[in-house]
Amino acid sequence: MRDHPDILAIDDGQAFITDLKAYFQAQWIGVATISDPILSSALDFEKFRIVLLDLDMPGRSGQEVLAGIPAGRRPVVIIVSGHSDLETRIRLLDKGADFFMPKPVNLTELSLICRRILGRQVIDTGRQDHWGLSRSKHTLSAPDGTVFGLTTSEFRILELLFETCPNVVAKEILAKAVTAREGPSAVAFYRSLEVMVSRMRTRFSGPDQPLPIKALRNVGYIFHGQGVMED
């Protein structure tokens with residue numbers, strides 16, 4: 001475990017914070033915690049790679065904290081809140097959050113997601129000419145050798161795009177893969193899907209290697225690079 005934790009949790013629920021720290025530390029994952037959200041205004045968020053953020057807190061709401069996180073080298077923000085209706089999720093994702101987990105949260109699931117986000121590493125195999133997707137590791141490798149940990153939703157989207165390229169994948173098919181819903185329920189997820197793909201472009205793109213996912217208006221998405229399923 002590093003001397004400086006990679007994860008910051010901002011939540012006024014003492015029971016949740018206590019359980020979170022105990023579980024993560026048992027998994028050798030360091031977590032810094034703040035129970036008073038007002039203190040977050042003095043934080044250097046660039047020191048952290050992940051922020052776990054509650055919404056309904058006294059003094060300063062989670063949405064206000066989110067708005068105060070600098071847009072530069074910002075951490076991945078996971079909203080962990082009991083307010084999990086679709087409208088709230090879409091609003092927060094649109095405001096800059098990366099993921100949303102409803103309370104009561106499963107700490108095993110949360111720790112796995114954090115591990116995958118923290119699992120980015122640079123490997124010394126040299127530059128490759130393709131993007132690689134690993135089923136066994138749930139990782140995406142960029143042409144420059146950078147490896148990114150993926151959430152389940154990110155993996156399902158990329159898996160469909162890789163398997164279908166160079167053909168387009170309809171929004172309804174992608175929404176069904178992520179939510180297991182069809183018809184009107186899938187359509188209601190389209191806005192969240194758009195936000196999710198936008199966040200993926202930001203997370204996985206480098207200065208010289210943008211993630212090659214293109215949106216086709218009112219149709220769906222296409223992976224227009226070379227994608228290889230590695231296992």
# chains A, B, ... in the order shown; residues from 1 in each chain; ligands from 1
>>> residues_around(residues="Ser41 in chain A", least_positions_apart="4", cutoff="10 Å", atoms="only C-alpha atoms", output="JSON, numbers by chain")
{"A": [37, 45, 60, 64, 65, 68, 69]}
>>> closest_atom_pairs(of="range 20-55 of chain A", to="range 92-111 of chain A", cutoff="9 Å", atoms="only C-alpha atoms", output="CSV")
residue,atom,partner,partner_atom,distance
A:Leu20,CA,A:Leu107,CA,7.0
A:Tyr23,CA,A:Leu107,CA,7.3
A:Phe24,CA,A:Ser111,CA,6.8
A:Gln27,CA,A:Ser111,CA,8.2
A:Ile29,CA,A:Ser111,CA,8.3
>>> residues_around(residues="range 172-177 of chain A", least_positions_apart="5", cutoff="12 Å", atoms="only C-alpha atoms", output="MDAnalysis selection string")
chainID A and resid 152:161 164 182:194 196:197 218:222
>>> select_by_dssp(residues="chain A", states="strand (DSSP E)", output="ChimeraX atom specification")
/A:7-10,31-34,50-53,76-81,99-102,121-122,131-134,139-141,146-149,169-170,213-216,220-223,227-229
>>> atom_distance(atom1="CA of Arg201 in chain A", atom2="CA of Lys171 in chain A")
16.7 Å
>>> select_by_dssp(residues="range 53-161 of chain A", states="alpha helix (DSSP H)", output="ChimeraX atom specification")
/A:62-67,86-94,107-118,152-161
>>> write_last_selection(atoms="N, CA, C and O atoms", output="CSV table (one decimal), in the first residue's frame")
chain,number,residue,atom,x,y,z
A,62,GLY,N,-22.6,17.2,-2.4
A,62,GLY,CA,-21.7,16.5,-3.3
A,62,GLY,C,-21.6,17.1,-4.7
A,62,GLY,O,-20.5,17.1,-5.3
A,63,GLN,N,-22.7,17.7,-5.2
A,63,GLN,CA,-22.7,18.3,-6.5
A,63,GLN,C,-21.8,19.6,-6.4
A,63,GLN,O,-21.1,19.9,-7.4
A,64,GLU,N,-21.8,20.3,-5.3
A,64,GLU,CA,-20.9,21.5,-5.1
A,64,GLU,C,-19.5,21.0,-5.1
A,64,GLU,O,-18.6,21.7,-5.6
A,65,VAL,N,-19.2,19.9,-4.4
A,65,VAL,CA,-17.8,19.4,-4.3
A,65,VAL,C,-17.4,19.0,-5.7
A,65,VAL,O,-16.2,19.4,-6.1
A,66,LEU,N,-18.2,18.4,-6.5
A,66,LEU,CA,-17.9,17.9,-7.8
A,66,LEU,C,-17.6,19.1,-8.7
A,66,LEU,O,-16.6,19.1,-9.5
A,67,ALA,N,-18.4,20.2,-8.6
A,67,ALA,CA,-18.1,21.4,-9.4
A,67,ALA,C,-16.8,22.1,-9.0
A,67,ALA,O,-16.2,22.8,-9.9
A,86,LEU,N,-32.8,7.9,-12.2
A,86,LEU,CA,-32.2,8.1,-13.5
A,86,LEU,C,-31.9,9.6,-13.7
A,86,LEU,O,-30.8,9.9,-14.2
A,87,GLU,N,-32.8,10.5,-13.4
A,87,GLU,CA,-32.6,11.9,-13.6
A,87,GLU,C,-31.4,12.4,-12.8
A,87,GLU,O,-30.5,13.2,-13.3
A,88,THR,N,-31.2,12.0,-11.5
A,88,THR,CA,-30.0,12.4,-10.7
A,88,THR,C,-28.8,11.8,-11.3
A,88,THR,O,-27.8,12.5,-11.5
A,89,ARG,N,-28.8,10.5,-11.8
A,89,ARG,CA,-27.6,9.9,-12.3
A,89,ARG,C,-27.1,10.7,-13.6
A,89,ARG,O,-26.0,11.0,-13.8
A,90,ILE,N,-28.1,11.0,-14.5
A,90,ILE,CA,-27.7,11.7,-15.7
A,90,ILE,C,-27.2,13.1,-15.4
A,90,ILE,O,-26.2,13.5,-16.0
A,91,ARG,N,-27.8,13.8,-14.5
A,91,ARG,CA,-27.4,15.1,-14.2
A,91,ARG,C,-26.0,15.1,-13.6
A,91,ARG,O,-25.1,15.9,-14.0
A,92,LEU,N,-25.7,14.2,-12.7
A,92,LEU,CA,-24.3,14.1,-12.2
A,92,LEU,C,-23.3,13.7,-13.2
A,92,LEU,O,-22.1,14.2,-13.2
A,93,LEU,N,-23.6,12.7,-14.0
A,93,LEU,CA,-22.7,12.3,-15.1
A,93,LEU,C,-22.4,13.5,-16.0
A,93,LEU,O,-21.3,13.7,-16.5
A,94,ASP,N,-23.5,14.2,-16.3
A,94,ASP,CA,-23.3,15.4,-17.2
A,94,ASP,C,-22.5,16.5,-16.6
A,94,ASP,O,-21.8,17.3,-17.3
A,107,LEU,N,-19.5,-3.4,-1.0
A,107,LEU,CA,-18.1,-3.0,-0.9
A,107,LEU,C,-17.2,-3.9,-1.7
A,107,LEU,O,-16.1,-3.5,-2.2
A,108,THR,N,-17.6,-5.2,-1.9
A,108,THR,CA,-16.8,-6.0,-2.8
A,108,THR,C,-16.8,-5.5,-4.2
A,108,THR,O,-15.8,-5.4,-4.9
A,109,GLU,N,-18.0,-5.1,-4.7
A,109,GLU,CA,-18.1,-4.6,-6.1
A,109,GLU,C,-17.4,-3.3,-6.2
A,109,GLU,O,-16.6,-3.0,-7.2
A,110,LEU,N,-17.5,-2.4,-5.2
A,110,LEU,CA,-16.8,-1.1,-5.2
A,110,LEU,C,-15.3,-1.3,-5.2
A,110,LEU,O,-14.6,-0.6,-6.0
A,111,SER,N,-14.8,-2.2,-4.4
A,111,SER,CA,-13.3,-2.4,-4.4
A,111,SER,C,-12.8,-2.9,-5.7
A,111,SER,O,-11.7,-2.6,-6.2
A,112,LEU,N,-13.6,-3.8,-6.4
A,112,LEU,CA,-13.2,-4.3,-7.7
A,112,LEU,C,-13.1,-3.2,-8.7
A,112,LEU,O,-12.2,-3.2,-9.5
A,113,ILE,N,-14.1,-2.3,-8.7
A,113,ILE,CA,-14.1,-1.2,-9.6
A,113,ILE,C,-12.9,-0.3,-9.4
A,113,ILE,O,-12.2,0.1,-10.3
A,114,CYS,N,-12.7,0.0,-8.2
A,114,CYS,CA,-11.5,0.8,-7.8
A,114,CYS,C,-10.2,0.1,-8.2
A,114,CYS,O,-9.3,0.8,-8.8
A,115,ARG,N,-10.1,-1.2,-8.0
A,115,ARG,CA,-8.9,-1.9,-8.4
A,115,ARG,C,-8.7,-1.8,-9.9
A,115,ARG,O,-7.5,-1.7,-10.4
A,116,ARG,N,-9.7,-1.9,-10.7
A,116,ARG,CA,-9.6,-1.9,-12.1
A,116,ARG,C,-9.2,-0.5,-12.6
A,116,ARG,O,-8.4,-0.3,-13.5
A,117,ILE,N,-9.7,0.5,-11.9
A,117,ILE,CA,-9.3,1.9,-12.3
A,117,ILE,C,-7.9,2.1,-11.9
A,117,ILE,O,-7.1,2.7,-12.7
A,118,LEU,N,-7.5,1.6,-10.8
A,118,LEU,CA,-6.1,1.8,-10.3
A,118,LEU,C,-5.1,0.9,-11.1
A,118,LEU,O,-3.9,1.0,-11.0
A,152,THR,N,-17.3,-2.9,-15.6
A,152,THR,CA,-18.0,-3.8,-16.3
A,152,THR,C,-18.8,-3.2,-17.5
A,152,THR,O,-18.8,-3.7,-18.6
A,153,SER,N,-19.3,-2.0,-17.3
A,153,SER,CA,-20.1,-1.3,-18.3
A,153,SER,C,-19.1,-0.9,-19.5
A,153,SER,O,-19.4,-1.1,-20.7
A,154,GLU,N,-17.9,-0.4,-19.1
A,154,GLU,CA,-17.0,0.0,-20.1
A,154,GLU,C,-16.5,-1.2,-21.0
A,154,GLU,O,-16.4,-1.1,-22.2
A,155,PHE,N,-16.3,-2.3,-20.3
A,155,PHE,CA,-15.9,-3.5,-21.0
A,155,PHE,C,-16.9,-4.0,-21.9
A,155,PHE,O,-16.6,-4.3,-23.1
A,156,ARG,N,-18.2,-4.0,-21.5
A,156,ARG,CA,-19.3,-4.5,-22.4
A,156,ARG,C,-19.4,-3.6,-23.6
A,156,ARG,O,-19.7,-4.1,-24.7
A,157,ILE,N,-19.3,-2.3,-23.5
A,157,ILE,CA,-19.4,-1.4,-24.6
A,157,ILE,C,-18.2,-1.7,-25.6
A,157,ILE,O,-18.4,-1.8,-26.8
A,158,LEU,N,-17.0,-1.7,-25.1
A,158,LEU,CA,-15.8,-2.0,-25.9
A,158,LEU,C,-15.9,-3.3,-26.6
A,158,LEU,O,-15.5,-3.5,-27.7
A,159,GLU,N,-16.3,-4.3,-25.9
A,159,GLU,CA,-16.4,-5.7,-26.4
A,159,GLU,C,-17.3,-5.7,-27.6
A,159,GLU,O,-17.0,-6.3,-28.7
A,160,LEU,N,-18.5,-5.1,-27.5
A,160,LEU,CA,-19.4,-5.1,-28.7
A,160,LEU,C,-18.8,-4.3,-29.8
A,160,LEU,O,-18.9,-4.7,-31.0
A,161,LEU,N,-18.2,-3.2,-29.6
A,161,LEU,CA,-17.6,-2.3,-30.6
A,161,LEU,C,-16.4,-3.1,-31.3
A,161,LEU,O,-16.3,-3.0,-32.5
>>> residues_around(residues="Val31 in chain A", least_positions_apart="5", cutoff="10 Å", atoms="only C-alpha atoms", output="list in words")
Met1, His4, Pro5, Asp6, Ile7, Leu8, Ala9, Ile17, Leu20, Lys21, Ala22, Phe24, Gln25, Phe48, Ile50, Val51 and Leu52 of chain A
>>> write_last_selection(atoms="all heavy atoms", output="tab-separated table (two decimals), in the first residue's frame")
chain	number	residue	atom	x	y	z
A	1	MET	N	0.85	-1.19	0.00
A	1	MET	CA	0.00	0.00	0.00
A	1	MET	C	0.89	1.24	0.00
A	1	MET	O	1.87	1.31	0.71
A	1	MET	CB	-0.89	-0.01	1.25
A	1	MET	CG	-2.07	0.91	1.15
A	1	MET	SD	-3.41	0.46	2.31
A	1	MET	CE	-2.59	-0.07	3.75
A	4	HIS	N	0.87	7.47	0.36
A	4	HIS	CA	-0.24	8.39	0.11
A	4	HIS	C	-1.36	7.63	-0.59
A	4	HIS	O	-1.16	7.05	-1.65
A	4	HIS	CB	0.22	9.56	-0.78
A	4	HIS	CG	-0.85	10.58	-0.99
A	4	HIS	ND1	-1.84	10.43	-1.94
A	4	HIS	CD2	-1.11	11.75	-0.36
A	4	HIS	CE1	-2.66	11.49	-1.90
A	4	HIS	NE2	-2.23	12.29	-0.95
A	5	PRO	N	-2.56	7.60	-0.01
A	5	PRO	CA	-3.65	6.84	-0.61
A	5	PRO	C	-4.03	7.37	-1.99
A	5	PRO	O	-3.98	8.57	-2.25
A	5	PRO	CB	-4.80	7.03	0.39
A	5	PRO	CG	-4.16	7.43	1.66
A	5	PRO	CD	-2.95	8.22	1.27
A	6	ASP	N	-4.41	6.46	-2.87
A	6	ASP	CA	-4.88	6.84	-4.20
A	6	ASP	C	-6.35	7.24	-4.19
A	6	ASP	O	-6.83	7.87	-5.13
A	6	ASP	CB	-4.70	5.67	-5.18
A	6	ASP	CG	-3.26	5.47	-5.58
A	6	ASP	OD1	-2.59	6.47	-5.89
A	6	ASP	OD2	-2.80	4.32	-5.58
A	7	ILE	N	-7.08	6.84	-3.13
A	7	ILE	CA	-8.53	7.02	-3.09
A	7	ILE	C	-8.91	7.98	-1.96
A	7	ILE	O	-8.39	7.88	-0.85
A	7	ILE	CB	-9.24	5.67	-2.87
A	7	ILE	CG1	-8.86	4.68	-3.98
A	7	ILE	CG2	-10.76	5.85	-2.82
A	7	ILE	CD1	-9.40	3.29	-3.77
A	8	LEU	N	-9.82	8.89	-2.28
A	8	LEU	CA	-10.38	9.81	-1.29
A	8	LEU	C	-11.88	9.59	-1.22
A	8	LEU	O	-12.56	9.60	-2.25
A	8	LEU	CB	-10.09	11.26	-1.67
A	8	LEU	CG	-10.82	12.33	-0.84
A	8	LEU	CD1	-10.32	12.34	0.59
A	8	LEU	CD2	-10.64	13.71	-1.47
A	9	ALA	N	-12.41	9.38	-0.01
A	9	ALA	CA	-13.85	9.24	0.20
A	9	ALA	C	-14.37	10.46	0.96
A	9	ALA	O	-13.85	10.78	2.03
A	9	ALA	CB	-14.17	7.96	0.97
A	17	ILE	N	-18.17	5.19	6.25
A	17	ILE	CA	-16.74	5.48	6.18
A	17	ILE	C	-15.94	4.43	6.96
A	17	ILE	O	-14.90	3.93	6.50
A	17	ILE	CB	-16.44	6.89	6.74
A	17	ILE	CG1	-16.90	7.95	5.73
A	17	ILE	CG2	-14.97	7.06	7.05
A	17	ILE	CD1	-16.12	7.96	4.45
A	20	LEU	N	-16.03	1.16	5.03
A	20	LEU	CA	-15.25	1.31	3.80
A	20	LEU	C	-13.74	1.19	4.08
A	20	LEU	O	-13.03	0.43	3.42
A	20	LEU	CB	-15.56	2.66	3.15
A	20	LEU	CG	-14.73	3.01	1.91
A	20	LEU	CD1	-15.20	2.21	0.71
A	20	LEU	CD2	-14.84	4.51	1.59
A	21	LYS	N	-13.27	1.95	5.08
A	21	LYS	CA	-11.84	1.93	5.39
A	21	LYS	C	-11.39	0.54	5.83
A	21	LYS	O	-10.34	0.06	5.41
A	21	LYS	CB	-11.53	2.96	6.48
A	21	LYS	CG	-11.60	4.39	6.03
A	21	LYS	CD	-10.90	5.32	7.00
A	21	LYS	CE	-9.39	5.16	6.94
A	21	LYS	NZ	-8.67	6.20	7.70
A	22	ALA	N	-12.19	-0.09	6.68
A	22	ALA	CA	-11.81	-1.42	7.18
A	22	ALA	C	-11.74	-2.43	6.05
A	22	ALA	O	-10.79	-3.23	5.96
A	22	ALA	CB	-12.81	-1.87	8.25
A	24	PHE	N	-11.43	-1.87	2.69
A	24	PHE	CA	-10.39	-1.56	1.71
A	24	PHE	C	-8.99	-1.82	2.27
A	24	PHE	O	-8.12	-2.32	1.56
A	24	PHE	CB	-10.52	-0.11	1.23
A	24	PHE	CG	-11.47	0.07	0.07
A	24	PHE	CD1	-12.70	-0.58	0.07
A	24	PHE	CD2	-11.13	0.87	-1.00
A	24	PHE	CE1	-13.59	-0.43	-0.99
A	24	PHE	CE2	-12.01	1.01	-2.07
A	24	PHE	CZ	-13.23	0.36	-2.08
A	25	GLN	N	-8.78	-1.49	3.52
A	25	GLN	CA	-7.46	-1.73	4.12
A	25	GLN	C	-7.17	-3.22	4.21
A	25	GLN	O	-6.03	-3.65	4.07
A	25	GLN	CB	-7.38	-1.06	5.49
A	25	GLN	CG	-7.25	0.46	5.40
A	25	GLN	CD	-7.26	1.14	6.75
A	25	GLN	OE1	-7.47	0.51	7.78
A	25	GLN	NE2	-7.06	2.45	6.75
A	48	PHE	N	-4.99	12.54	-5.83
A	48	PHE	CA	-5.79	11.32	-5.76
A	48	PHE	C	-6.15	10.84	-7.17
A	48	PHE	O	-6.28	11.64	-8.09
A	48	PHE	CB	-7.06	11.55	-4.95
A	48	PHE	CG	-6.80	11.97	-3.53
A	48	PHE	CD1	-6.78	13.32	-3.19
A	48	PHE	CD2	-6.53	11.03	-2.55
A	48	PHE	CE1	-6.53	13.73	-1.88
A	48	PHE	CE2	-6.28	11.43	-1.24
A	48	PHE	CZ	-6.27	12.77	-0.92
A	50	ILE	N	-8.82	8.46	-7.45
A	50	ILE	CA	-10.26	8.18	-7.38
A	50	ILE	C	-10.85	8.99	-6.23
A	50	ILE	O	-10.26	9.07	-5.15
A	50	ILE	CB	-10.54	6.68	-7.14
A	50	ILE	CG1	-9.96	5.82	-8.25
A	50	ILE	CG2	-12.05	6.43	-7.01
A	50	ILE	CD1	-10.09	4.32	-7.99
A	51	VAL	N	-12.04	9.56	-6.46
A	51	VAL	CA	-12.80	10.21	-5.40
A	51	VAL	C	-14.16	9.53	-5.29
A	51	VAL	O	-14.89	9.43	-6.29
A	51	VAL	CB	-12.99	11.72	-5.66
A	51	VAL	CG1	-13.96	12.32	-4.64
A	51	VAL	CG2	-11.65	12.44	-5.59
A	52	LEU	N	-14.47	9.02	-4.10
A	52	LEU	CA	-15.79	8.46	-3.81
A	52	LEU	C	-16.59	9.57	-3.13
A	52	LEU	O	-16.20	10.06	-2.07
A	52	LEU	CB	-15.66	7.25	-2.89
A	52	LEU	CG	-14.71	6.13	-3.36
A	52	LEU	CD1	-14.62	5.03	-2.32
A	52	LEU	CD2	-15.15	5.57	-4.70
>>> closest_residue(among="A:Gly132, A:Gly13, A:Gly119, A:Gly206", to="Gln226 in chain A", atoms="only C-alpha atoms")
A:Gly132
>>> residues_around(residues="Gln14 in chain A", least_positions_apart="4", cutoff="10 Å", atoms="only C-alpha atoms", output="JSON, numbers by chain")
{"A": [18, 19, 20, 34, 35]}
>>> write_last_selection(atoms="all heavy atoms", output="PDB file, in the first residue's frame")
ATOM      1  N   THR A  18     -16.430   4.056   8.145  1.00  0.00           N
ATOM      2  CA  THR A  18     -15.741   3.061   8.968  1.00  0.00           C
ATOM      3  C   THR A  18     -15.673   1.716   8.260  1.00  0.00           C
ATOM      4  O   THR A  18     -14.612   1.074   8.199  1.00  0.00           O
ATOM      5  CB  THR A  18     -16.452   2.903  10.327  1.00  0.00           C
ATOM      6  OG1 THR A  18     -16.438   4.165  11.012  1.00  0.00           O
ATOM      7  CG2 THR A  18     -15.755   1.856  11.176  1.00  0.00           C
ATOM      8  N   ASP A  19     -16.808   1.279   7.703  1.00  0.00           N
ATOM      9  CA  ASP A  19     -16.849  -0.006   6.990  1.00  0.00           C
ATOM     10  C   ASP A  19     -15.975   0.033   5.739  1.00  0.00           C
ATOM     11  O   ASP A  19     -15.270  -0.938   5.428  1.00  0.00           O
ATOM     12  CB  ASP A  19     -18.291  -0.350   6.604  1.00  0.00           C
ATOM     13  CG  ASP A  19     -19.159  -0.677   7.805  1.00  0.00           C
ATOM     14  OD1 ASP A  19     -18.599  -0.929   8.887  1.00  0.00           O
ATOM     15  OD2 ASP A  19     -20.394  -0.673   7.658  1.00  0.00           O
ATOM     16  N   LEU A  20     -16.025   1.160   5.028  1.00  0.00           N
ATOM     17  CA  LEU A  20     -15.247   1.309   3.798  1.00  0.00           C
ATOM     18  C   LEU A  20     -13.745   1.194   4.084  1.00  0.00           C
ATOM     19  O   LEU A  20     -13.026   0.430   3.421  1.00  0.00           O
ATOM     20  CB  LEU A  20     -15.557   2.655   3.146  1.00  0.00           C
ATOM     21  CG  LEU A  20     -14.735   3.013   1.906  1.00  0.00           C
ATOM     22  CD1 LEU A  20     -15.202   2.211   0.714  1.00  0.00           C
ATOM     23  CD2 LEU A  20     -14.840   4.511   1.594  1.00  0.00           C
ATOM     24  N   ILE A  34     -12.892  12.056   4.414  1.00  0.00           N
ATOM     25  CA  ILE A  34     -13.312  13.355   4.938  1.00  0.00           C
ATOM     26  C   ILE A  34     -14.800  13.261   5.237  1.00  0.00           C
ATOM     27  O   ILE A  34     -15.593  12.885   4.358  1.00  0.00           O
ATOM     28  CB  ILE A  34     -13.062  14.487   3.928  1.00  0.00           C
ATOM     29  CG1 ILE A  34     -11.564  14.737   3.753  1.00  0.00           C
ATOM     30  CG2 ILE A  34     -13.745  15.769   4.371  1.00  0.00           C
ATOM     31  CD1 ILE A  34     -11.254  15.844   2.774  1.00  0.00           C
ATOM     32  N   SER A  35     -15.192  13.560   6.454  1.00  0.00           N
ATOM     33  CA  SER A  35     -16.604  13.515   6.820  1.00  0.00           C
ATOM     34  C   SER A  35     -17.266  14.895   6.752  1.00  0.00           C
ATOM     35  O   SER A  35     -18.486  14.989   6.732  1.00  0.00           O
ATOM     36  CB  SER A  35     -16.774  12.938   8.232  1.00  0.00           C
ATOM     37  OG  SER A  35     -16.051  13.702   9.185  1.00  0.00           O
TER      38      SER A  35
END
>>> decode(residues="range 35-117 of chain A", atoms="C-alpha atoms", output="PDB file, in the first residue's frame")
ATOM      1  CA  SER A  35     -16.604  13.515   6.820  1.00  0.00           C
ATOM      2  CA  ASP A  36     -16.970  17.320   6.596  1.00  0.00           C
ATOM      3  CA  PRO A  37     -17.401  18.251   2.904  1.00  0.00           C
ATOM      4  CA  ILE A  38     -16.567  21.916   3.621  1.00  0.00           C
ATOM      5  CA  LEU A  39     -12.941  20.833   4.149  1.00  0.00           C
ATOM      6  CA  SER A  40     -12.801  19.587   0.555  1.00  0.00           C
ATOM      7  CA  SER A  41     -12.399  23.160  -0.718  1.00  0.00           C
ATOM      8  CA  ALA A  42      -8.792  23.146   0.551  1.00  0.00           C
ATOM      9  CA  LEU A  43      -7.845  19.782  -0.990  1.00  0.00           C
ATOM     10  CA  ASP A  44      -5.395  19.151  -3.807  1.00  0.00           C
ATOM     11  CA  PHE A  45      -7.498  16.698  -5.797  1.00  0.00           C
ATOM     12  CA  GLU A  46      -4.650  15.994  -8.222  1.00  0.00           C
ATOM     13  CA  LYS A  47      -2.992  13.876  -5.519  1.00  0.00           C
ATOM     14  CA  PHE A  48      -5.789  11.317  -5.762  1.00  0.00           C
ATOM     15  CA  ARG A  49      -6.721   8.957  -8.583  1.00  0.00           C
ATOM     16  CA  ILE A  50     -10.258   8.179  -7.379  1.00  0.00           C
ATOM     17  CA  VAL A  51     -12.796  10.211  -5.397  1.00  0.00           C
ATOM     18  CA  LEU A  52     -15.787   8.464  -3.806  1.00  0.00           C
ATOM     19  CA  LEU A  53     -18.384  11.176  -3.295  1.00  0.00           C
ATOM     20  CA  ASP A  54     -21.683  11.254  -1.414  1.00  0.00           C
ATOM     21  CA  LEU A  55     -24.371  13.727  -2.532  1.00  0.00           C
ATOM     22  CA  ASP A  56     -26.578  14.659   0.413  1.00  0.00           C
ATOM     23  CA  MET A  57     -24.193  16.216   2.956  1.00  0.00           C
ATOM     24  CA  PRO A  58     -24.602  19.201   5.321  1.00  0.00           C
ATOM     25  CA  GLY A  59     -22.739  22.425   4.582  1.00  0.00           C
ATOM     26  CA  ARG A  60     -21.674  21.498   1.060  1.00  0.00           C
ATOM     27  CA  SER A  61     -23.444  19.069  -1.232  1.00  0.00           C
ATOM     28  CA  GLY A  62     -21.681  16.468  -3.311  1.00  0.00           C
ATOM     29  CA  GLN A  63     -22.681  18.335  -6.462  1.00  0.00           C
ATOM     30  CA  GLU A  64     -20.937  21.457  -5.128  1.00  0.00           C
ATOM     31  CA  VAL A  65     -17.825  19.418  -4.312  1.00  0.00           C
ATOM     32  CA  LEU A  66     -17.904  17.938  -7.824  1.00  0.00           C
ATOM     33  CA  ALA A  67     -18.128  21.398  -9.370  1.00  0.00           C
ATOM     34  CA  GLY A  68     -15.069  22.472  -7.360  1.00  0.00           C
ATOM     35  CA  ILE A  69     -12.781  19.700  -8.622  1.00  0.00           C
ATOM     36  CA  PRO A  70     -10.320  21.223 -11.135  1.00  0.00           C
ATOM     37  CA  ALA A  71     -10.738  20.138 -14.734  1.00  0.00           C
ATOM     38  CA  GLY A  72      -7.015  19.473 -15.264  1.00  0.00           C
ATOM     39  CA  ARG A  73      -5.561  16.227 -13.929  1.00  0.00           C
ATOM     40  CA  ARG A  74      -8.796  15.353 -12.230  1.00  0.00           C
ATOM     41  CA  PRO A  75      -9.385  12.007 -10.508  1.00  0.00           C
ATOM     42  CA  VAL A  76     -12.042   9.529 -11.529  1.00  0.00           C
ATOM     43  CA  VAL A  77     -15.174  10.528  -9.581  1.00  0.00           C
ATOM     44  CA  ILE A  78     -17.556   7.802  -8.395  1.00  0.00           C
ATOM     45  CA  ILE A  79     -20.805   9.064  -6.888  1.00  0.00           C
ATOM     46  CA  VAL A  80     -21.883   6.779  -4.022  1.00  0.00           C
ATOM     47  CA  SER A  81     -25.352   7.895  -2.953  1.00  0.00           C
ATOM     48  CA  GLY A  82     -28.832   6.775  -2.006  1.00  0.00           C
ATOM     49  CA  HIS A  83     -30.201   9.222  -4.589  1.00  0.00           C
ATOM     50  CA  SER A  84     -29.987   6.876  -7.549  1.00  0.00           C
ATOM     51  CA  ASP A  85     -32.948   7.818  -9.762  1.00  0.00           C
ATOM     52  CA  LEU A  86     -32.209   8.129 -13.489  1.00  0.00           C
ATOM     53  CA  GLU A  87     -32.591  11.918 -13.569  1.00  0.00           C
ATOM     54  CA  THR A  88     -30.045  12.359 -10.748  1.00  0.00           C
ATOM     55  CA  ARG A  89     -27.584   9.940 -12.348  1.00  0.00           C
ATOM     56  CA  ILE A  90     -27.749  11.664 -15.723  1.00  0.00           C
ATOM     57  CA  ARG A  91     -27.402  15.125 -14.152  1.00  0.00           C
ATOM     58  CA  LEU A  92     -24.313  14.149 -12.157  1.00  0.00           C
ATOM     59  CA  LEU A  93     -22.692  12.312 -15.072  1.00  0.00           C
ATOM     60  CA  ASP A  94     -23.313  15.383 -17.209  1.00  0.00           C
ATOM     61  CA  LYS A  95     -21.693  17.577 -14.540  1.00  0.00           C
ATOM     62  CA  GLY A  96     -18.455  15.598 -14.567  1.00  0.00           C
ATOM     63  CA  ALA A  97     -18.941  12.423 -12.520  1.00  0.00           C
ATOM     64  CA  ASP A  98     -17.563   9.265 -14.117  1.00  0.00           C
ATOM     65  CA  PHE A  99     -19.624   6.554 -12.420  1.00  0.00           C
ATOM     66  CA  PHE A 100     -22.628   6.206 -10.098  1.00  0.00           C
ATOM     67  CA  MET A 101     -23.133   3.519  -7.443  1.00  0.00           C
ATOM     68  CA  PRO A 102     -26.345   3.466  -5.399  1.00  0.00           C
ATOM     69  CA  LYS A 103     -26.360   2.950  -1.629  1.00  0.00           C
ATOM     70  CA  PRO A 104     -26.404   0.596   0.138  1.00  0.00           C
ATOM     71  CA  VAL A 105     -23.252  -0.199  -1.828  1.00  0.00           C
ATOM     72  CA  ASN A 106     -21.645  -3.615  -2.088  1.00  0.00           C
ATOM     73  CA  LEU A 107     -18.080  -3.034  -0.877  1.00  0.00           C
ATOM     74  CA  THR A 108     -16.759  -6.028  -2.817  1.00  0.00           C
ATOM     75  CA  GLU A 109     -18.113  -4.587  -6.068  1.00  0.00           C
ATOM     76  CA  LEU A 110     -16.831  -1.107  -5.216  1.00  0.00           C
ATOM     77  CA  SER A 111     -13.348  -2.400  -4.394  1.00  0.00           C
ATOM     78  CA  LEU A 112     -13.198  -4.340  -7.678  1.00  0.00           C
ATOM     79  CA  ILE A 113     -14.140  -1.230  -9.647  1.00  0.00           C
ATOM     80  CA  CYS A 114     -11.495   0.800  -7.828  1.00  0.00           C
ATOM     81  CA  ARG A 115      -8.887  -1.897  -8.404  1.00  0.00           C
ATOM     82  CA  ARG A 116      -9.610  -1.873 -12.136  1.00  0.00           C
ATOM     83  CA  ILE A 117      -9.327   1.906 -12.300  1.00  0.00           C
TER      84      ILE A 117
END
